[in-house]
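Data from entry.tsv: TSV, C-alpha atoms
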```
chain	number	residue	atom	x	y	z
A	1	MET	CA	140.46	-61.46	-60.13
A	2	ASN	CA	141.11	-59.08	-57.27
A	3	SER	CA	144.79	-58.22	-57.39
A	4	GLN	CA	145.36	-58.43	-53.64
A	5	PHE	CA	143.98	-61.92	-53.68
A	6	ASN	CA	145.83	-62.82	-56.82
A	7	LYS	CA	149.29	-61.90	-55.65
A	8	GLY	CA	149.66	-64.47	-52.90
A	9	VAL	CA	148.01	-67.15	-55.00
A	10	ILE	CA	150.35	-66.64	-57.96
A	11	GLU	CA	153.30	-66.73	-55.62
A	12	MET	CA	152.08	-70.04	-54.26
A	13	CYS	CA	151.60	-71.41	-57.80
A	14	VAL	CA	155.17	-70.42	-58.65
A	15	LEU	CA	156.49	-72.16	-55.54
A	16	ALA	CA	154.41	-75.28	-56.23
A	17	LEU	CA	155.57	-75.51	-59.85
A	18	VAL	CA	159.26	-75.04	-59.06
A	19	SER	CA	159.00	-77.63	-56.27
A	20	GLN	CA	158.07	-80.19	-58.93
A	21	ARG	CA	161.00	-79.46	-61.23
A	22	ASP	CA	163.51	-76.75	-62.18
A	23	LEU	CA	161.91	-74.21	-64.50
A	24	TYR	CA	162.88	-71.06	-66.38
A	25	GLY	CA	160.95	-67.80	-66.31
A	26	TYR	CA	158.87	-68.05	-69.45
A	27	GLU	CA	157.93	-71.68	-68.74
A	28	LEU	CA	156.29	-70.44	-65.55
A	29	VAL	CA	154.49	-67.65	-67.38
A	30	GLU	CA	153.13	-70.09	-69.95
A	31	THR	CA	152.08	-72.75	-67.46
A	32	ILE	CA	150.25	-70.37	-65.15
A	33	SER	CA	148.70	-68.23	-67.88
A	34	LYS	CA	146.97	-71.29	-69.32
A	35	ARG	CA	144.52	-70.96	-66.45
A	36	ILE	CA	145.03	-67.62	-64.72
A	37	GLU	CA	145.42	-64.36	-66.55
A	38	ILE	CA	148.96	-63.17	-65.85
A	39	SER	CA	151.73	-61.61	-67.86
A	40	GLU	CA	155.52	-61.59	-68.07
A	41	GLY	CA	155.62	-58.54	-65.87
A	42	THR	CA	153.81	-60.35	-63.07
A	43	ILE	CA	156.12	-63.31	-62.71
A	44	TYR	CA	159.50	-61.64	-62.76
A	45	PRO	CA	159.26	-59.62	-59.53
A	46	ILE	CA	157.90	-62.72	-57.78
A	47	LEU	CA	160.80	-64.87	-58.98
A	48	ARG	CA	163.29	-62.26	-57.92
A	49	ARG	CA	161.77	-61.87	-54.49
A	50	LEU	CA	161.58	-65.62	-53.86
A	51	THR	CA	165.22	-65.92	-54.93
A	52	ASN	CA	166.18	-63.09	-52.57
A	53	GLU	CA	164.34	-64.87	-49.78
A	54	LYS	CA	166.58	-67.89	-50.52
A	55	PHE	CA	163.60	-70.04	-51.48
A	56	PHE	CA	165.13	-70.53	-54.94
A	57	GLU	CA	168.62	-70.96	-56.31
A	58	THR	CA	169.34	-70.14	-59.91
A	59	TYR	CA	171.69	-71.51	-62.54
A	60	LEU	CA	172.21	-70.85	-66.23
A	61	LYS	CA	171.71	-73.68	-68.69
A	62	GLU	CA	172.37	-73.70	-72.42
A	63	SER	CA	169.31	-73.78	-74.63
A	64	SER	CA	169.07	-75.06	-78.18
A	65	GLU	CA	167.31	-71.89	-79.36
A	66	GLY	CA	169.83	-69.32	-78.27
A	67	PRO	CA	171.63	-67.89	-75.24
A	68	PRO	CA	171.45	-69.77	-71.93
A	69	ARG	CA	168.35	-69.54	-69.76
A	70	LYS	CA	168.16	-68.98	-66.03
A	71	TYR	CA	166.59	-71.93	-64.22
A	72	TYR	CA	165.02	-71.70	-60.80
A	73	LYS	CA	165.64	-74.53	-58.37
A	74	MET	CA	163.98	-75.01	-55.02
A	75	THR	CA	166.03	-74.88	-51.81
A	76	ALA	CA	165.27	-76.66	-48.54
A	77	ALA	CA	163.86	-73.40	-47.13
A	78	GLY	CA	161.68	-73.04	-50.23
A	79	LYS	CA	160.39	-76.58	-49.81
A	80	LYS	CA	159.40	-75.82	-46.25
A	81	GLU	CA	157.68	-72.57	-47.23
A	82	THR	CA	155.80	-74.31	-50.05
A	83	GLU	CA	154.52	-77.04	-47.75
A	84	LYS	CA	153.40	-74.46	-45.23
A	85	LEU	CA	151.56	-72.38	-47.84
A	86	LEU	CA	149.95	-75.38	-49.53
A	87	SER	CA	148.61	-76.85	-46.32
A	88	SER	CA	147.03	-73.58	-45.24
A	89	TRP	CA	145.69	-73.11	-48.77
A	90	LYS	CA	144.08	-76.56	-48.71
A	91	LYS	CA	142.42	-75.84	-45.41
A	92	PHE	CA	141.28	-72.40	-46.56
A	93	SER	CA	139.86	-73.55	-49.90
A	94	GLY	CA	138.16	-76.53	-48.23
A	95	ASP	CA	136.54	-74.22	-45.70
A	96	VAL	CA	135.41	-71.80	-48.39
A	97	ASN	CA	133.92	-74.62	-50.44
A	98	SER	CA	132.00	-75.92	-47.44
A	99	ILE	CA	130.63	-72.47	-46.76
A	100	ILE	CA	129.58	-71.99	-50.40
A	101	LYS	CA	127.82	-75.34	-50.41
A	102	GLY	CA	125.98	-74.20	-47.33
A	103	GLY	CA	127.12	-77.12	-45.21
A	104	GLU	CA	128.32	-77.03	-41.63
B	1	MET	CA	158.31	-48.33	-76.83
B	2	ASN	CA	160.33	-51.10	-78.41
B	3	LYS	CA	162.57	-53.69	-76.83
B	4	THR	CA	165.76	-51.64	-77.11
B	5	GLN	CA	164.16	-48.56	-75.58
B	6	PHE	CA	162.72	-50.61	-72.74
B	7	ILE	CA	166.10	-52.16	-71.90
B	8	GLU	CA	167.86	-48.80	-72.17
B	9	GLN	CA	165.40	-47.04	-69.87
B	10	LEU	CA	165.55	-49.89	-67.39
B	11	ARG	CA	169.33	-49.85	-67.35
B	12	LYS	CA	169.41	-46.11	-66.80
B	13	ALA	CA	166.83	-46.21	-64.03
B	14	LEU	CA	168.68	-49.02	-62.26
B	15	SER	CA	171.89	-47.04	-61.83
B	16	GLY	CA	172.89	-46.81	-58.19
B	17	ILE	CA	173.01	-50.51	-57.46
B	18	PRO	CA	176.07	-52.70	-58.26
B	19	GLN	CA	176.74	-53.38	-61.91
B	20	VAL	CA	176.46	-57.16	-61.44
B	21	GLU	CA	172.91	-56.73	-60.20
B	22	ILE	CA	172.01	-54.46	-63.10
B	23	ASP	CA	173.50	-56.89	-65.61
B	24	ASP	CA	171.63	-59.76	-64.00
B	25	ILE	CA	168.28	-57.96	-64.16
B	26	ILE	CA	168.84	-56.89	-67.78
B	27	ARG	CA	169.84	-60.45	-68.68
B	28	ASP	CA	166.61	-61.77	-67.13
B	29	GLN	CA	164.44	-59.25	-68.95
B	30	GLU	CA	166.12	-60.02	-72.26
B	31	GLU	CA	165.54	-63.73	-71.74
B	32	ILE	CA	161.85	-63.21	-71.03
B	33	ILE	CA	161.40	-60.96	-74.07
B	34	ARG	CA	163.27	-63.46	-76.27
B	35	ASP	CA	161.15	-66.39	-75.06
B	36	ALA	CA	157.91	-64.45	-75.42
B	37	LEU	CA	158.84	-63.43	-78.96
B	38	ALA	CA	159.67	-67.05	-79.79
B	39	ALA	CA	156.25	-68.04	-78.44
B	40	GLY	CA	154.67	-65.74	-81.01
B	41	ARG	CA	153.84	-62.70	-78.92
B	42	THR	CA	154.27	-59.27	-80.46
B	43	GLU	CA	157.08	-57.07	-79.20
B	44	GLU	CA	154.64	-54.33	-78.30
B	45	SER	CA	152.39	-56.52	-76.17
B	46	ILE	CA	155.37	-58.01	-74.35
B	47	ILE	CA	156.81	-54.60	-73.51
B	48	THR	CA	153.42	-53.38	-72.34
B	49	SER	CA	153.04	-56.37	-70.05
B	50	LEU	CA	156.50	-55.86	-68.56
B	51	GLY	CA	155.32	-52.50	-67.30
B	52	ASN	CA	156.95	-49.11	-66.95
B	53	PRO	CA	160.74	-49.67	-66.84
B	54	THR	CA	161.33	-46.77	-64.44
B	55	GLU	CA	158.72	-48.11	-62.03
B	56	LEU	CA	160.11	-51.63	-62.30
B	57	ALA	CA	163.63	-50.33	-61.64
B	58	ARG	CA	162.51	-48.39	-58.57
B	59	ASN	CA	160.90	-51.50	-57.12
B	60	LEU	CA	163.91	-53.69	-57.77
B	61	LYS	CA	166.27	-51.07	-56.37
B	62	ALA	CA	164.25	-50.63	-53.19
B	63	GLU	CA	164.14	-54.37	-52.71
B	64	PHE	CA	167.88	-54.69	-53.31
B	65	LYS	CA	168.70	-51.93	-50.84
B	66	ILE	CA	166.54	-53.45	-48.11
B	67	GLU	CA	168.19	-56.85	-48.63
B	68	LYS	CA	171.63	-55.27	-48.48
B	69	ALA	CA	170.87	-53.43	-45.25
B	70	GLN	CA	169.51	-56.64	-43.72
B	71	ASP	CA	172.76	-58.43	-44.51
B	72	GLU	CA	174.97	-55.77	-42.86
B	73	ILE	CA	176.36	-57.05	-39.58
B	74	LYS	CA	177.90	-53.83	-38.22
B	75	LEU	CA	175.62	-51.24	-36.67
B	76	GLY	CA	177.13	-48.17	-38.39
B	77	ALA	CA	177.02	-49.75	-41.84
B	78	LYS	CA	173.56	-51.13	-41.18
B	79	VAL	CA	172.10	-47.78	-40.20
B	80	LYS	CA	173.69	-46.15	-43.23
B	81	ALA	CA	172.35	-48.84	-45.57
B	82	MET	CA	168.98	-48.56	-43.89
B	83	PHE	CA	168.75	-44.87	-44.74
B	84	GLY	CA	169.51	-45.77	-48.34
B	85	ALA	CA	166.68	-48.29	-48.27
B	86	VAL	CA	164.28	-45.80	-46.70
B	87	GLY	CA	165.17	-43.29	-49.42
B	88	ALA	CA	164.46	-45.87	-52.13
B	89	VAL	CA	161.06	-46.74	-50.64
B	90	LEU	CA	160.16	-43.07	-50.33
B	91	VAL	CA	161.01	-42.41	-53.98
B	92	LEU	CA	158.61	-45.19	-54.85
B	93	ALA	CA	155.79	-43.87	-52.71
B	94	PRO	CA	156.24	-40.36	-51.31
B	95	PHE	CA	152.94	-40.56	-49.43
B	96	ASN	CA	154.69	-43.16	-47.33
B	97	LEU	CA	156.66	-40.41	-45.65
B	98	ILE	CA	154.45	-40.28	-42.60
B	99	PHE	CA	154.18	-44.06	-42.16
B	100	VAL	CA	157.89	-44.69	-42.53
B	101	LEU	CA	159.62	-41.58	-41.26
B	102	GLY	CA	157.30	-40.84	-38.32
B	103	PRO	CA	157.72	-44.11	-36.42
B	104	MET	CA	161.39	-44.24	-37.37
B	105	MET	CA	162.12	-40.84	-35.88
B	106	ALA	CA	160.26	-41.79	-32.70
B	107	MET	CA	162.35	-44.95	-32.36
B	108	PHE	CA	165.54	-43.04	-33.07
B	109	GLY	CA	164.66	-40.58	-30.33
B	110	ILE	CA	164.23	-43.37	-27.80
B	111	LEU	CA	167.43	-45.11	-28.88
B	112	LEU	CA	169.38	-41.87	-28.79
B	113	GLY	CA	168.15	-41.31	-25.25
B	114	GLY	CA	169.38	-44.77	-24.28
B	115	TRP	CA	172.78	-44.25	-25.86
B	116	ALA	CA	173.17	-40.83	-24.24
B	117	THR	CA	172.28	-42.25	-20.81
B	118	ALA	CA	174.74	-45.14	-21.11
B	119	VAL	CA	177.53	-42.85	-22.32
B	120	ALA	CA	176.81	-40.30	-19.59
B	121	ILE	CA	176.85	-42.94	-16.83
B	122	THR	CA	180.13	-44.37	-18.10
B	123	VAL	CA	181.93	-41.05	-18.51
B	124	VAL	CA	180.65	-39.40	-15.33
B	125	CYS	CA	181.35	-42.41	-13.11
B	126	PHE	CA	184.81	-42.86	-14.57
B	127	THR	CA	185.64	-39.21	-13.92
B	128	VAL	CA	184.24	-39.23	-10.39
B	129	ALA	CA	186.08	-42.48	-9.56
B	130	LEU	CA	189.32	-40.97	-10.83
B	131	ALA	CA	188.71	-37.89	-8.72
B	132	PHE	CA	188.28	-40.00	-5.59
B	133	PHE	CA	191.41	-42.05	-6.34
B	134	PHE	CA	193.36	-38.87	-6.98
B	135	PHE	CA	192.12	-37.41	-3.72
B	136	THR	CA	193.27	-40.55	-1.88
B	137	ILE	CA	196.76	-40.21	-3.31
B	138	VAL	CA	197.03	-36.50	-2.53
B	139	MET	CA	195.76	-36.91	1.05
B	140	PRO	CA	196.73	-40.43	2.08
B	141	THR	CA	195.75	-40.11	5.71
B	142	GLY	CA	192.22	-40.89	6.70
B	143	ALA	CA	191.13	-41.14	3.11
B	144	LEU	CA	190.64	-44.91	2.92
B	145	GLY	CA	186.88	-44.56	2.89
B	146	TRP	CA	187.15	-42.48	-0.24
B	147	VAL	CA	188.89	-45.31	-2.04
B	148	GLY	CA	185.79	-47.37	-1.34
B	149	ILE	CA	183.57	-44.66	-2.81
B	150	GLY	CA	185.92	-44.50	-5.82
B	151	PHE	CA	185.51	-48.23	-6.39
B	152	GLY	CA	181.79	-47.81	-5.99
B	153	PHE	CA	181.71	-45.36	-8.87
B	154	LEU	CA	183.98	-47.64	-10.89
B	155	GLY	CA	181.42	-50.39	-10.40
B	156	VAL	CA	178.63	-48.16	-11.68
B	157	MET	CA	180.83	-47.24	-14.63
B	158	PHE	CA	180.91	-50.92	-15.62
B	159	LEU	CA	177.14	-50.92	-15.50
B	160	GLY	CA	177.28	-48.00	-17.92
B	161	LEU	CA	179.60	-50.01	-20.18
B	162	ALA	CA	177.24	-52.99	-20.04
B	163	GLY	CA	174.47	-50.52	-20.94
B	164	LEU	CA	176.43	-49.55	-24.05
B	165	GLY	CA	176.62	-53.22	-25.05
B	166	VAL	CA	172.90	-53.64	-24.52
B	167	MET	CA	172.19	-50.48	-26.54
B	168	TYR	CA	174.25	-51.88	-29.41
B	169	MET	CA	172.21	-55.06	-29.48
B	170	VAL	CA	168.91	-53.26	-29.09
B	171	SER	CA	169.82	-50.83	-31.89
B	172	MET	CA	170.67	-53.74	-34.20
B	173	MET	CA	167.35	-55.36	-33.40
B	174	VAL	CA	165.43	-52.15	-33.98
B	175	ALA	CA	167.21	-51.61	-37.32
B	176	GLN	CA	166.30	-55.16	-38.35
B	177	LEU	CA	162.68	-54.58	-37.36
B	178	ILE	CA	162.54	-51.34	-39.34
B	179	LEU	CA	163.92	-53.17	-42.38
B	180	ARG	CA	161.33	-55.92	-42.08
B	181	TYR	CA	158.65	-53.28	-41.85
B	182	LEU	CA	160.08	-51.57	-44.95
B	183	LYS	CA	159.87	-54.83	-46.85
B	184	TRP	CA	156.30	-55.37	-45.82
B	185	ASN	CA	155.53	-51.76	-46.65
B	186	LEU	CA	157.07	-52.15	-50.11
B	187	ASN	CA	154.91	-55.17	-50.89
B	188	PHE	CA	151.89	-53.34	-49.60
B	189	VAL	CA	152.61	-50.32	-51.81
B	190	LYS	CA	152.97	-52.62	-54.80
B	191	ARG	CA	149.59	-54.14	-54.10
B	192	GLN	CA	147.98	-50.77	-53.75
B	193	ALA	CA	149.44	-49.78	-57.09
B	194	GLY	CA	147.57	-52.72	-58.56
B	195	ALA	CA	150.70	-54.55	-59.58
B	196	VAL	CA	150.30	-58.20	-58.75
```

Spell out the structure here as structure tokens.
Amino acid sequence: MNSQFNKGVIEMCVLALVSQRDLYGYELVETISKRIEISEGTIYPILRRLTNEKFFETYLKESSEGPPRKYYKMTAAGKKETEKLLSSWKKFSGDVNSIIKGGE
Amino acid sequence: MNKTQFIEQLRKALSGIPQVEIDDIIRDQEEIIRDALAAGRTEESIITSLGNPTELARNLKAEFKIEKAQDEIKLGAKVKAMFGAVGAVLVLAPFNLIFVLGPMMAMFGILLGGWATAVAITVVCFTVALAFFFFTIVMPTGALGWVGIGFGFLGVMFLGLAGLGVMYMVSMMVAQLILRYLKWNLNFVKRQAGAV
């Protein structure tokens, strides 16, 4: 996929996933890479930026397999941003689909 | 490159930002590598996908410096931090020089003009007002009109002072705008580089 297109979409996927429940970095990589080709190196800068923008808060939680993991939790500002992005995405993808189908 | 080399290079390239930030970034990278290894990925493929550690560090540093400058609330500190941020962005993409430095210098020129004007008005009017008051004291007779002129200049001096206040606010706003542009520019550079 075109990388310019990809970037915003992945960011939106990250926001949407974290809005459903608190997640740690690799969980996000695994979930998204089931469908879209991404790597560890893609997700980290996005997580860091969204945290800097105060869309996420982070906390460390013990894991059974080793040292604690950093979990990302959505803030009120993040919730708002996610809703905004998702609604414009729905409109955009709906419009594109109509155009592809050749409808009005 | 193996895991240890990657972490070492990253740590080295991150120097210049606070140690807590560096430790936090290293901790995050180690967690991702650990989880990816546990998921059955090979060390080599993980390190490759994490990208060039020096490049990654430059991006994170630039982002950190912009954030820091945005959080500064005093003009002097903000401008200083802003130059640090500009430097970090330029290291990342030297061809950016003309897009970042050009407009910035133009804005600085205009701001400097504004500051100089406000300072000049304040200082000149204060001096002239003093001169008129002094004259009134030295030659008390028939000099009452001059007191009025003196107060007139004093009034203009306060306009100059108000101008200084306005310049302070405008400068803060301009600095904030430049920082927002830098952030946008940084994301744009990243996209151009093909990094998602």

Local residues around (152.7, -71.5, -63.4), at most 6 Å away, using all atoms listed in the file, as a list in words: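 Residues with an atom close enough to that point: Cys13, Val14, Leu28, Val29, Thr31 and Ile32 of chain A.
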
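When atom CA of Arg49 of chain A is paired with atom CA of Lys183 of chain B, their separation reads 10.6 Å.
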
Distance-based interface of chain B with chain A, 10 Å, counting only C-alpha atoms, as a VMD selection string: chain B and resid 25 27 to 29 31 to 36 38 to 39 45 to 52 56 59 to 60 63 to 64 67 187 to 188 190 to 196

Straight-line distance linking atom CA of Arg41 of chain B with atom CA of Lys3 of chain B, stated in Å to one decimal: 12.7 Å

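You will find atom CA of Thr136 of chain B at 21.2 Å from atom CA of Phe158 of chain B.
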
Test item: residues at most 8 Å from segment 74-86 of chain B, all atoms listed in the file, excluding those fewer than 3 positions along its chain, as an MDAnalysis selection string: chainID B and resid 62:63 65:66 68:70 89:90 100 168 171:172 175 179 182

Nearest candidate to Met157 of chain B (options B:Ile178, B:Ile137, B:Val119, B:Val189; using all atoms listed in the file): B:Val119

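For the residues B:Asn96, B:Asn185, B:Thr54, B:Gln176, ranking by smallest atom-to-atom distance to Leu14 of chain B using all atoms listed in the file places B:Thr54 first.
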
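The residue that comes closest to Lys73 of chain A, out of A:Lys61, A:Leu23, A:Phe92, A:Ala16 and on the basis of only C-alpha atoms, is A:Leu23.
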
Set the distance at 10 Å and use all atoms listed in the file: which residues neighbour Phe135 of chain B once local chain neighbours fewer than 6 positions away are removed? I'd like the list as an mmCIF file with C-alpha atoms, in the coordinates of the input.
```cif
data_model
loop_
_atom_site.group_PDB
_atom_site.id
_atom_site.type_symbol
_atom_site.label_atom_id
_atom_site.label_comp_id
_atom_site.auth_asym_id
_atom_site.auth_seq_id
_atom_site.Cartn_x
_atom_site.Cartn_y
_atom_site.Cartn_z
ATOM 1 C CA ALA B 129 186.080 -42.480 -9.560
ATOM 2 C CA ALA B 143 191.130 -41.140 3.110
ATOM 3 C CA TRP B 146 187.150 -42.480 -0.240
ATOM 4 C CA VAL B 147 188.890 -45.310 -2.040
ATOM 5 C CA GLY B 150 185.920 -44.500 -5.820
#
```

Residue nearest Ile121 of chain B among B:Gly40, B:Gly155, B:Pro103, B:Gly16 (counting only C-alpha atoms): B:Gly155

Could you give me, as a CSV table (one decimal) with C-alpha atoms, keeping the file's coordinate frame, the residues that have an atom at most 12 Å away from the point (161.4, -74.9, -47.6) in the coordinates of the file, using only C-alpha atoms?
```
chain,number,residue,atom,x,y,z
A,15,LEU,CA,156.5,-72.2,-55.5
A,16,ALA,CA,154.4,-75.3,-56.2
A,18,VAL,CA,159.3,-75.0,-59.1
A,19,SER,CA,159.0,-77.6,-56.3
A,50,LEU,CA,161.6,-65.6,-53.9
A,53,GLU,CA,164.3,-64.9,-49.8
A,54,LYS,CA,166.6,-67.9,-50.5
A,55,PHE,CA,163.6,-70.0,-51.5
A,56,PHE,CA,165.1,-70.5,-54.9
A,57,GLU,CA,168.6,-71.0,-56.3
A,73,LYS,CA,165.6,-74.5,-58.4
A,74,MET,CA,164.0,-75.0,-55.0
A,75,THR,CA,166.0,-74.9,-51.8
A,76,ALA,CA,165.3,-76.7,-48.5
A,77,ALA,CA,163.9,-73.4,-47.1
A,78,GLY,CA,161.7,-73.0,-50.2
A,79,LYS,CA,160.4,-76.6,-49.8
A,80,LYS,CA,159.4,-75.8,-46.2
A,81,GLU,CA,157.7,-72.6,-47.2
A,82,THR,CA,155.8,-74.3,-50.0
A,83,GLU,CA,154.5,-77.0,-47.8
A,84,LYS,CA,153.4,-74.5,-45.2
A,85,LEU,CA,151.6,-72.4,-47.8
A,86,LEU,CA,150.0,-75.4,-49.5
```
